[in-house]
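> Contents are mmCIF, C-alpha atoms; file name data_29.cif:
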data_data
#
loop_
_atom_site.label_atom_id
_atom_site.label_comp_id
_atom_site.auth_asym_id
_atom_site.auth_seq_id
_atom_site.Cartn_x
_atom_site.Cartn_y
_atom_site.Cartn_z
CA MET G 1 123.11 88.07 39.42
CA ALA G 2 121.55 84.67 38.71
CA VAL G 3 121.00 82.07 41.39
CA GLN G 4 121.28 78.34 40.71
CA LYS G 5 117.86 76.75 41.36
CA PHE G 6 118.54 73.15 40.35
CA PHE G 7 121.47 70.76 40.59
CA ASP G 8 123.01 69.07 37.55
CA ARG G 9 121.30 65.83 36.38
CA THR G 10 117.90 67.08 37.65
CA LYS G 11 114.84 66.19 35.55
CA VAL G 12 112.85 69.29 34.60
CA THR G 13 110.16 70.48 32.21
CA ILE G 14 110.72 73.62 30.13
CA LYS G 15 107.97 76.11 29.34
CA GLY G 16 107.09 75.91 25.64
CA GLN G 17 108.95 72.61 25.12
CA LYS G 18 107.55 69.08 25.17
CA GLY G 19 108.96 66.21 27.17
CA ILE G 20 111.25 65.72 30.14
CA TRP G 21 114.68 67.39 30.05
CA VAL G 22 117.81 66.63 32.10
CA ILE G 23 120.10 69.49 33.14
CA LEU G 24 123.61 68.61 31.99
CA ASN G 25 125.46 71.62 33.40
CA HIS G 26 125.19 75.31 34.27
CA GLU G 27 126.88 77.95 32.14
CA SER G 28 129.35 80.04 34.16
CA ILE G 29 131.83 82.82 33.47
CA GLN G 30 135.20 83.19 35.19
CA LYS G 31 135.67 86.78 36.41
CA GLY G 32 139.01 87.08 38.15
CA ALA G 33 138.97 84.89 41.24
CA THR G 34 135.19 84.40 41.23
CA THR G 35 132.89 82.31 39.05
CA LYS G 36 129.55 83.85 38.08
CA ILE G 37 126.53 81.78 37.03
CA THR G 38 124.78 83.22 33.97
CA GLY G 39 121.40 81.56 34.54
CA LYS G 40 121.57 79.45 31.38
CA VAL G 41 121.60 75.67 31.56
CA LYS G 42 122.48 73.03 29.00
CA CYS G 43 119.62 70.52 28.80
CA ARG G 44 119.07 67.21 27.00
CA ASN G 45 115.66 65.80 26.06
CA GLU G 46 115.29 62.24 27.38
CA GLU G 47 113.13 61.05 24.46
CA THR G 48 114.82 62.62 21.43
CA GLY G 49 118.35 63.25 22.74
CA GLU G 50 118.18 66.90 21.58
CA VAL G 51 120.60 69.19 23.42
CA LYS G 52 119.98 72.92 23.84
CA PHE G 53 120.65 75.89 26.09
CA CYS G 54 117.69 77.40 27.94
CA ASN G 55 117.07 79.89 30.72
CA GLU G 56 116.83 78.32 34.16
CA LYS G 57 113.85 80.58 34.98
CA ASN G 58 111.78 78.63 32.42
CA CYS G 59 112.52 75.28 34.11
CA GLU G 60 110.19 73.54 36.54
CA LEU G 61 110.82 70.36 38.49
CA ALA G 62 109.39 67.31 36.68
#
Would you put the structure from the file into structure tokens?


Amino acid sequence: MAVQKFFDRTKVTIKGQKGIWVILNHESIQKGATTKITGKVKCRNEETGEVKFCNEKNCELA
């Protein structure tokens, strides 16, 4: 099970990607009464405005 390392709106760098990225939100799945975090985050590049999903394990604090 994945563990959330960063809060939303945190500035991070992503391995293999240029620039500073901002975490918009964490992807989660509703399973019955519990919510499970998948480990994927939706990020936006501050310079270009590009939005993409990436693995939270590849993120480092900027």

> Please write as a PyMOL selection string the list of polymer residues whose atoms come within 10 Å of (112.9, 83.4, 32.6), counting only C-alpha atoms and keeping to the coordinates of the file.

chain G and resi 15+39-40+54-59

> One decimal, Å: what's the distance from atom CA of Phe6 of chain G over to atom CA of Glu60 of chain G, could you say?

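We find that atom CA of Phe6 of chain G and atom CA of Glu60 of chain G lie 9.2 Å from each other.
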
> Could you check which of G:Leu24, G:Ala33, G:Val3, G:Ile14 is closest to Val51 of chain G, using only C-alpha atoms?

G:Leu24

> Expand the PyMOL selection byres ((chain G and resi 43-47) around 12) into the individual residues it matches in the shown file, reporting them as number ranges by chain.

G: 6-14, 17-27, 40-42, 48-56, 58-59

> Export, as a compact mmCIF listing (two decimals), in the coordinates of the input, the selected residues with C-alpha atoms.


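Result file is result32.txt:
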# COMPACT_ATOMS: atom_id res chain seq x y z
CA PHE G 6 118.54 73.15 40.35
CA PHE G 7 121.47 70.76 40.59
CA ASP G 8 123.01 69.07 37.55
CA ARG G 9 121.30 65.83 36.38
CA THR G 10 117.90 67.08 37.65
CA LYS G 11 114.84 66.19 35.55
CA VAL G 12 112.85 69.29 34.60
CA THR G 13 110.16 70.48 32.21
CA ILE G 14 110.72 73.62 30.13
CA GLN G 17 108.95 72.61 25.12
CA LYS G 18 107.55 69.08 25.17
CA GLY G 19 108.96 66.21 27.17
CA ILE G 20 111.25 65.72 30.14
CA TRP G 21 114.68 67.39 30.05
CA VAL G 22 117.81 66.63 32.10
CA ILE G 23 120.10 69.49 33.14
CA LEU G 24 123.61 68.61 31.99
CA ASN G 25 125.46 71.62 33.40
CA HIS G 26 125.19 75.31 34.27
CA GLU G 27 126.88 77.95 32.14
CA LYS G 40 121.57 79.45 31.38
CA VAL G 41 121.60 75.67 31.56
CA LYS G 42 122.48 73.03 29.00
CA THR G 48 114.82 62.62 21.43
CA GLY G 49 118.35 63.25 22.74
CA GLU G 50 118.18 66.90 21.58
CA VAL G 51 120.60 69.19 23.42
CA LYS G 52 119.98 72.92 23.84
CA PHE G 53 120.65 75.89 26.09
CA CYS G 54 117.69 77.40 27.94
CA ASN G 55 117.07 79.89 30.72
CA GLU G 56 116.83 78.32 34.16
CA ASN G 58 111.78 78.63 32.42
CA CYS G 59 112.52 75.28 34.11

> Output chain G from the block with C-alpha atoms, as a short mmCIF file (atom, residue, chain, number, x, y, z; two decimals), in the first residue's frame?


data_model
loop_
_atom_site.label_atom_id
_atom_site.label_comp_id
_atom_site.auth_asym_id
_atom_site.auth_seq_id
_atom_site.Cartn_x
_atom_site.Cartn_y
_atom_site.Cartn_z
CA MET G 1 0.00 0.00 0.00
CA ALA G 2 1.32 3.45 -0.92
CA VAL G 3 2.05 6.12 1.66
CA GLN G 4 1.53 9.82 0.98
CA LYS G 5 4.93 11.56 1.23
CA PHE G 6 3.98 15.12 0.26
CA PHE G 7 1.00 17.39 0.80
CA ASP G 8 -0.95 18.96 -2.06
CA ARG G 9 0.48 22.25 -3.45
CA THR G 10 4.05 21.16 -2.56
CA LYS G 11 6.81 22.15 -5.00
CA VAL G 12 8.81 19.13 -6.14
CA THR G 13 11.27 18.02 -8.80
CA ILE G 14 10.62 14.83 -10.77
CA LYS G 15 13.38 12.44 -11.84
CA GLY G 16 13.83 12.62 -15.62
CA GLN G 17 11.77 15.84 -15.96
CA LYS G 18 13.02 19.42 -16.11
CA GLY G 19 11.71 22.25 -13.98
CA ILE G 20 9.75 22.69 -10.78
CA TRP G 21 6.41 20.88 -10.47
CA VAL G 22 3.50 21.53 -8.09
CA ILE G 23 1.47 18.60 -6.77
CA LEU G 24 -2.18 19.31 -7.53
CA ASN G 25 -3.73 16.24 -5.89
CA HIS G 26 -3.20 12.59 -5.02
CA GLU G 27 -5.01 9.84 -6.91
CA SER G 28 -7.13 7.68 -4.61
CA ILE G 29 -9.55 4.78 -4.99
CA GLN G 30 -12.68 4.29 -2.90
CA LYS G 31 -12.86 0.71 -1.59
CA GLY G 32 -15.96 0.29 0.52
CA ALA G 33 -15.68 2.53 3.56
CA THR G 34 -11.94 3.17 3.12
CA THR G 35 -10.00 5.33 0.68
CA LYS G 36 -6.72 3.93 -0.65
CA ILE G 37 -3.94 6.11 -2.05
CA THR G 38 -2.48 4.69 -5.27
CA GLY G 39 0.87 6.50 -5.10
CA LYS G 40 0.25 8.55 -8.25
CA VAL G 41 0.08 12.33 -8.11
CA LYS G 42 -1.20 14.90 -10.58
CA CYS G 43 1.50 17.53 -11.13
CA ARG G 44 1.70 20.82 -13.01
CA ASN G 45 4.92 22.36 -14.35
CA GLU G 46 5.28 25.95 -13.11
CA GLU G 47 7.04 27.19 -16.26
CA THR G 48 5.10 25.50 -19.07
CA GLY G 49 1.77 24.75 -17.36
CA GLU G 50 1.97 21.09 -18.50
CA VAL G 51 -0.13 18.72 -16.37
CA LYS G 52 0.69 15.03 -15.99
CA PHE G 53 0.42 12.07 -13.65
CA CYS G 54 3.62 10.72 -12.13
CA ASN G 55 4.67 8.30 -9.40
CA GLU G 56 5.22 9.93 -6.03
CA LYS G 57 8.36 7.81 -5.53
CA ASN G 58 10.05 9.81 -8.33
CA CYS G 59 9.36 13.15 -6.60
CA GLU G 60 11.87 15.02 -4.46
CA LEU G 61 11.32 18.21 -2.49
CA ALA G 62 12.40 21.28 -4.48
#
